[in-house]
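Source file input_23.pdb; content: PDB, C-alpha atoms.
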ATOM      1  CA  MET A 212     -22.033 -35.495  -1.372
ATOM      2  CA  LEU A 213     -22.430 -37.609  -4.482
ATOM      3  CA  SER A 214     -21.747 -40.825  -2.570
ATOM      4  CA  LYS A 215     -24.483 -39.891  -0.087
ATOM      5  CA  GLN A 216     -26.793 -39.136  -2.988
ATOM      6  CA  ASN A 217     -26.455 -42.717  -4.251
ATOM      7  CA  GLU A 218     -27.099 -44.117  -0.788
ATOM      8  CA  LEU A 219     -30.182 -41.987  -0.208
ATOM      9  CA  LYS A 220     -31.670 -41.690  -3.701
ATOM     10  CA  LYS A 221     -34.570 -43.992  -2.911
ATOM     11  CA  TYR A 222     -35.541 -41.671  -0.016
ATOM     12  CA  LEU A 223     -34.553 -38.221  -1.253
ATOM     13  CA  ASN A 224     -34.297 -36.384  -4.527
ATOM     14  CA  PHE A 225     -31.113 -34.290  -4.869
ATOM     15  CA  THR A 226     -30.825 -31.337  -7.194
ATOM     16  CA  PHE A 227     -27.629 -29.320  -7.513
ATOM     17  CA  ARG A 228     -27.577 -25.786  -8.809
ATOM     18  CA  GLN A 229     -25.358 -22.798  -8.464
ATOM     19  CA  ILE A 230     -26.733 -19.969  -6.366
ATOM     20  CA  LYS A 231     -25.599 -16.387  -6.213
ATOM     21  CA  ASN A 232     -24.483 -14.834  -2.987
ATOM     22  CA  GLU A 233     -26.672 -11.755  -3.260
ATOM     23  CA  LYS A 234     -25.028 -10.018  -0.302
ATOM     24  CA  ALA A 235     -21.548 -10.355  -1.821
ATOM     25  CA  LEU A 236     -22.791  -9.138  -5.183
ATOM     26  CA  SER A 237     -24.483  -6.096  -3.666
ATOM     27  CA  ALA A 238     -21.303  -4.487  -2.320
ATOM     28  CA  ASN A 239     -20.632  -1.334  -4.279
ATOM     29  CA  GLN A 240     -17.428   0.542  -5.018
ATOM     30  CA  ASN A 241     -18.159   3.214  -2.391
ATOM     31  CA  GLU A 242     -18.453   0.558   0.340
ATOM     32  CA  LEU A 243     -15.236  -1.105  -0.827
ATOM     33  CA  ASN A 244     -13.425   2.243  -0.804
ATOM     34  CA  SER A 245     -14.744   3.026   2.669
ATOM     35  CA  TYR A 246     -13.499  -0.304   4.051
ATOM     36  CA  PHE A 247     -10.208   0.177   2.222
ATOM     37  CA  ASP A 248      -9.698   3.648   3.726
ATOM     38  CA  LYS A 249     -10.369   2.226   7.204
ATOM     39  CA  ALA A 250      -8.010  -0.695   6.568
ATOM     40  CA  VAL A 251      -5.210   1.665   5.508
ATOM     41  CA  LYS A 252      -5.778   3.814   8.618
ATOM     42  CA  ILE A 253      -5.489   0.723  10.834
ATOM     43  CA  LEU A 254      -2.425  -0.606   8.989
ATOM     44  CA  GLU A 255      -0.583   2.749   9.116
ATOM     45  CA  ASN A 256       0.365   1.905  12.702
ATOM     46  CA  PHE A 257       2.033  -1.396  11.811
ATOM     47  CA  THR A 258       4.658  -2.878   9.526
ATOM     48  CA  ILE A 259       3.522  -5.249   6.790
ATOM     49  CA  TYR A 260       5.942  -8.041   5.922
ATOM     50  CA  LEU A 261       6.121  -9.365   2.359
ATOM     51  CA  VAL A 262       7.105 -13.027   2.274
ATOM     52  CA  ASP A 263       8.189 -14.677  -0.977
ATOM     53  CA  LEU A 264       7.065 -18.320  -0.898
ATOM     54  CA  VAL A 265       7.511 -18.635  -4.674
ATOM     55  CA  ALA A 266      11.183 -17.603  -4.927
ATOM     56  CA  ASP A 267      11.549 -17.646  -8.692
ATOM     57  CA  ASP A 268      13.011 -15.120 -11.129
ATOM     58  CA  ASN A 269       9.758 -13.189 -11.438
ATOM     59  CA  SER A 270       8.623 -13.186  -7.807
ATOM     60  CA  SER A 271      11.193 -10.709  -6.517
ATOM     61  CA  LYS A 272      10.118  -8.186  -9.179
ATOM     62  CA  ILE A 273       6.431  -8.713  -8.318
ATOM     63  CA  LEU A 274       7.140  -8.237  -4.608
ATOM     64  CA  GLU A 275       9.228  -5.129  -5.241
ATOM     65  CA  ASN A 276       6.364  -3.604  -7.281
ATOM     66  CA  THR A 277       3.866  -4.618  -4.583
ATOM     67  CA  LYS A 278       6.036  -3.033  -1.881
ATOM     68  CA  ASP A 279       6.241   0.214  -3.874
ATOM     69  CA  ARG A 280       2.475   0.327  -4.319
ATOM     70  CA  PHE A 281       1.822  -0.232  -0.598
ATOM     71  CA  SER A 282       4.482   2.332   0.330
ATOM     72  CA  LYS A 283       2.715   4.913  -1.870
ATOM     73  CA  LEU A 284      -0.341   4.378   0.358
ATOM     74  CA  GLY A 285       1.765   5.459   3.340
ATOM     75  CA  LEU A 286       2.211   1.918   4.682
ATOM     76  CA  LYS A 287       5.441   0.576   6.183
ATOM     77  CA  VAL A 288       6.455  -2.514   4.214
ATOM     78  CA  LYS A 289       9.493  -4.765   4.666
ATOM     79  CA  PHE A 290      10.619  -8.052   3.181
ATOM     80  CA  ALA A 291      10.836 -11.103   5.447
ATOM     81  CA  PRO A 292      12.206 -14.600   4.758
ATOM     82  CA  LYS A 293       9.282 -16.284   6.547
ATOM     83  CA  ILE A 294       5.933 -15.548   8.176
ATOM     84  CA  LYS A 295       6.410 -13.433  11.297
ATOM     85  CA  ALA A 296       4.320 -14.329  14.342
ATOM     86  CA  LYS A 297       2.019 -11.595  15.694
ATOM     87  CA  GLU A 298       2.712  -9.434  12.642
ATOM     88  CA  PHE A 299       0.952  -8.517   9.400
ATOM     89  CA  ASN A 300       2.173 -10.718   6.557
ATOM     90  CA  LEU A 301       1.450 -10.808   2.846
ATOM     91  CA  ALA A 302       2.612 -14.150   1.479
ATOM     92  CA  PHE A 303       3.205 -14.533  -2.241
ATOM     93  CA  ILE A 304       2.431 -18.122  -3.290
ATOM     94  CA  ASN A 305       1.839 -20.084  -6.473
ATOM     95  CA  ASP A 306      -1.587 -21.144  -7.641
ATOM     96  CA  PRO A 307      -2.687 -24.336  -5.803
ATOM     97  CA  CYS A 308      -2.596 -26.258  -9.114
ATOM     98  CA  PHE A 309       1.147 -25.579  -9.387
ATOM     99  CA  TYR A 310       1.836 -27.463  -6.159
ATOM    100  CA  GLU A 311      -0.414 -30.304  -7.216
ATOM    101  CA  GLU A 312       1.195 -30.634 -10.656
ATOM    102  CA  HIS A 313       4.732 -30.581  -9.220
ATOM    103  CA  ASN A 314       3.882 -32.781  -6.225
ATOM    104  CA  ILE A 315       5.054 -30.057  -3.829
ATOM    105  CA  LYS A 316       3.466 -29.245  -0.477
ATOM    106  CA  ASP A 317       1.274 -26.153  -0.776
ATOM    107  CA  PRO A 318       2.622 -23.504   1.666
ATOM    108  CA  TYR A 319      -0.855 -22.025   2.158
ATOM    109  CA  LYS A 320      -1.966 -22.478   5.719
ATOM    110  CA  ILE A 321      -4.017 -20.714   8.318
ATOM    111  CA  TYR A 322      -1.913 -19.258  11.105
ATOM    112  CA  LYS A 323      -3.164 -18.970  14.664
ATOM    113  CA  ASN A 324      -0.625 -16.383  15.791
ATOM    114  CA  ALA A 325       0.012 -14.316  12.661
ATOM    115  CA  PHE A 326      -2.093 -12.198  10.353
ATOM    116  CA  VAL A 327      -1.476 -13.586   6.874
ATOM    117  CA  GLN A 328      -3.061 -12.814   3.536
ATOM    118  CA  HIS A 329      -1.891 -14.917   0.589
ATOM    119  CA  PHE A 330      -1.826 -13.715  -3.009
ATOM    120  CA  ILE A 331      -0.884 -15.513  -6.220
ATOM    121  CA  THR A 332      -0.424 -12.790  -8.865
ATOM    122  CA  GLU A 333       0.775  -9.226  -8.962
ATOM    123  CA  PRO A 334      -2.196  -7.429  -7.452
ATOM    124  CA  SER A 335      -4.319  -5.020  -9.449
ATOM    125  CA  GLU A 336      -5.625  -1.835  -7.827
ATOM    126  CA  HIS A 337      -8.849  -3.641  -6.901
ATOM    127  CA  ALA A 338      -6.922  -6.663  -5.571
ATOM    128  CA  ILE A 339      -4.782  -4.414  -3.357
ATOM    129  CA  LYS A 340      -7.943  -3.075  -1.756
ATOM    130  CA  VAL A 341      -9.304  -6.571  -1.166
ATOM    131  CA  ILE A 342      -5.953  -7.886   0.126
ATOM    132  CA  LEU A 343      -5.614  -5.110   2.704
ATOM    133  CA  ILE A 344      -9.247  -5.384   3.813
ATOM    134  CA  ASN A 345      -8.880  -9.169   4.228
ATOM    135  CA  LEU A 346      -5.643  -8.702   6.156
ATOM    136  CA  VAL A 347      -7.377  -6.385   8.626
ATOM    137  CA  ILE A 348     -10.358  -8.752   8.933
ATOM    138  CA  LYS A 349      -7.989 -11.605   9.861
ATOM    139  CA  TYR A 350      -6.360  -9.321  12.436
ATOM    140  CA  GLU A 351      -9.754  -8.453  13.886
ATOM    141  CA  ILE A 352     -10.823 -12.100  14.094
ATOM    142  CA  ILE A 353      -7.675 -13.164  15.930
ATOM    143  CA  LYS A 354      -7.776 -10.131  18.244
ATOM    144  CA  LYS A 355     -11.568 -10.416  18.684
ATOM    145  CA  GLU A 356     -11.809  -6.662  18.139
ATOM    146  CA  PHE A 357     -13.827  -5.292  15.247
ATOM    147  CA  PHE A 358     -13.142  -1.849  13.798
ATOM    148  CA  LEU A 359     -13.447  -2.192  10.051
ATOM    149  CA  LEU A 360     -17.167  -2.792   9.780
ATOM    150  CA  ASN A 361     -18.144  -0.250  12.442
ATOM    151  CA  LYS A 362     -19.766   2.835  10.992
TER     152      LYS A 362
END

Encoding of this model in structure tokens:
Amino acid sequence: MLSKQNELKKYLNFTFRQIKNEKALSANQNELNSYFDKAVKILENFTIYLVDLVADDNSSKILENTKDRFSKLGLKVKFAPKIKAKEFNLAFINDPCFYEEHNIKDPYKIYKNAFVQHFITEPSEHAIKVILINLVIKYEIIKKEFFLLNK
């Protein structure tokens, strides 16, 4: 963008500013809880696979705690060594900066035949809600069937 600005500055005036996404900011806790409840209902019929793409001393403990928290919601959760095609996957990865600093390929990728939500820290209660909602949204997009946002 900046290179184009230099090329076009005699024709156009560019101004950059940060804007708020009013729609995203307007979501309230009741809406989030409603989507979360629907997401859990949808996911109750499936198994969620936890995939450890960090594999350090701390990651197994984080994944075990995450599994326990999802199990308490009534969800079936299992560990898997890699992303499972046509299944629900939660992939634990490092922050993108970690891969850059260590010159390691970032394992984050978008899958065409699997439903994958990545996370980089042990999820808080709010993060668990967002993770599960996003996982269902990815499922809906791939399946081209939309349930979550229907009233």

Exercise. Could you pull the residues within 12 Å of A:Ile344, counting all atoms listed in the file, minus those fewer than 2 positions along the same chain, as a ChimeraX atom specification?
Worked result: /A:242-254,326-328,337-342,346-351,358-360

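With atom CA of A:Val265 on one side and atom CA of A:Leu286 on the other, the separation reads 23.2 Å.
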
Problem set entry | Within 10 Å of A:Glu333 using only C-alpha atoms, minus same-chain residues under 2 positions, as an NGL selection string | :A and (270 or 272-274 or 276-277 or 303 or 330-331 or 335-336 or 338-339)

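If you look at atom CA of A:Lys293 and atom CA of A:Tyr310, they are 18.5 Å away from each other.
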
Within 7 Å of (2.4, -0.4, 8.3) in the file's own coordinates, which protein, DNA or RNA residues have an atom, counting all atoms listed in the file? List them as an mmCIF file with C-alpha atoms, keeping the file's coordinate frame.
data_model
loop_
_atom_site.group_PDB
_atom_site.id
_atom_site.type_symbol
_atom_site.label_atom_id
_atom_site.label_comp_id
_atom_site.auth_asym_id
_atom_site.auth_seq_id
_atom_site.Cartn_x
_atom_site.Cartn_y
_atom_site.Cartn_z
ATOM 1 C CA LEU A 254 -2.425 -0.606 8.989
ATOM 2 C CA GLU A 255 -0.583 2.749 9.116
ATOM 3 C CA ASN A 256 0.365 1.905 12.702
ATOM 4 C CA PHE A 257 2.033 -1.396 11.811
ATOM 5 C CA THR A 258 4.658 -2.878 9.526
ATOM 6 C CA ILE A 259 3.522 -5.249 6.790
ATOM 7 C CA LEU A 286 2.211 1.918 4.682
ATOM 8 C CA LYS A 287 5.441 0.576 6.183
ATOM 9 C CA VAL A 288 6.455 -2.514 4.214
#

For this session: Find the distance between atom CA of A:Lys295 and atom CA of A:Lys355 and write it in Å to one decimal.
Result: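 Straight-line distance from atom CA of A:Lys295 to atom CA of A:Lys355 works out to 19.7 Å.
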
Exercise. Which polymer residues have any atom within 12 Å of an atom of A:Leu264, counting all atoms listed in the file, with same-chain residues fewer than 3 positions away left out, as a VMD selection string?
Worked result: chain A and resid 261 267 270 to 271 274 290 to 294 300 to 306 310 316 to 320 329 to 331

Kindly save the residues from that selection, with C-alpha atoms included, as a PDB file, in the frame of the given file.
ATOM      1  CA  LEU A 261       6.121  -9.365   2.359  1.00  0.00           C
ATOM      2  CA  ASP A 267      11.549 -17.646  -8.692  1.00  0.00           C
ATOM      3  CA  SER A 270       8.623 -13.186  -7.807  1.00  0.00           C
ATOM      4  CA  SER A 271      11.193 -10.709  -6.517  1.00  0.00           C
ATOM      5  CA  LEU A 274       7.140  -8.237  -4.608  1.00  0.00           C
ATOM      6  CA  PHE A 290      10.619  -8.052   3.181  1.00  0.00           C
ATOM      7  CA  ALA A 291      10.836 -11.103   5.447  1.00  0.00           C
ATOM      8  CA  PRO A 292      12.206 -14.600   4.758  1.00  0.00           C
ATOM      9  CA  LYS A 293       9.282 -16.284   6.547  1.00  0.00           C
ATOM     10  CA  ILE A 294       5.933 -15.548   8.176  1.00  0.00           C
ATOM     11  CA  ASN A 300       2.173 -10.718   6.557  1.00  0.00           C
ATOM     12  CA  LEU A 301       1.450 -10.808   2.846  1.00  0.00           C
ATOM     13  CA  ALA A 302       2.612 -14.150   1.479  1.00  0.00           C
ATOM     14  CA  PHE A 303       3.205 -14.533  -2.241  1.00  0.00           C
ATOM     15  CA  ILE A 304       2.431 -18.122  -3.290  1.00  0.00           C
ATOM     16  CA  ASN A 305       1.839 -20.084  -6.473  1.00  0.00           C
ATOM     17  CA  ASP A 306      -1.587 -21.144  -7.641  1.00  0.00           C
ATOM     18  CA  TYR A 310       1.836 -27.463  -6.159  1.00  0.00           C
ATOM     19  CA  LYS A 316       3.466 -29.245  -0.477  1.00  0.00           C
ATOM     20  CA  ASP A 317       1.274 -26.153  -0.776  1.00  0.00           C
ATOM     21  CA  PRO A 318       2.622 -23.504   1.666  1.00  0.00           C
ATOM     22  CA  TYR A 319      -0.855 -22.025   2.158  1.00  0.00           C
ATOM     23  CA  LYS A 320      -1.966 -22.478   5.719  1.00  0.00           C
ATOM     24  CA  HIS A 329      -1.891 -14.917   0.589  1.00  0.00           C
ATOM     25  CA  PHE A 330      -1.826 -13.715  -3.009  1.00  0.00           C
ATOM     26  CA  ILE A 331      -0.884 -15.513  -6.220  1.00  0.00           C
TER      27      ILE A 331
END

Exercise. Which is closer to A:Lys278 than all the others in A:Pro334, A:Asn314, A:Phe309, A:Tyr322, using only C-alpha atoms?
Worked result: A:Pro334

Problem set entry | Nearest candidate to A:Asp263 (options A:Ile315, A:Pro307, A:Lys323, A:Thr332; using all atoms listed in the file) | A:Thr332
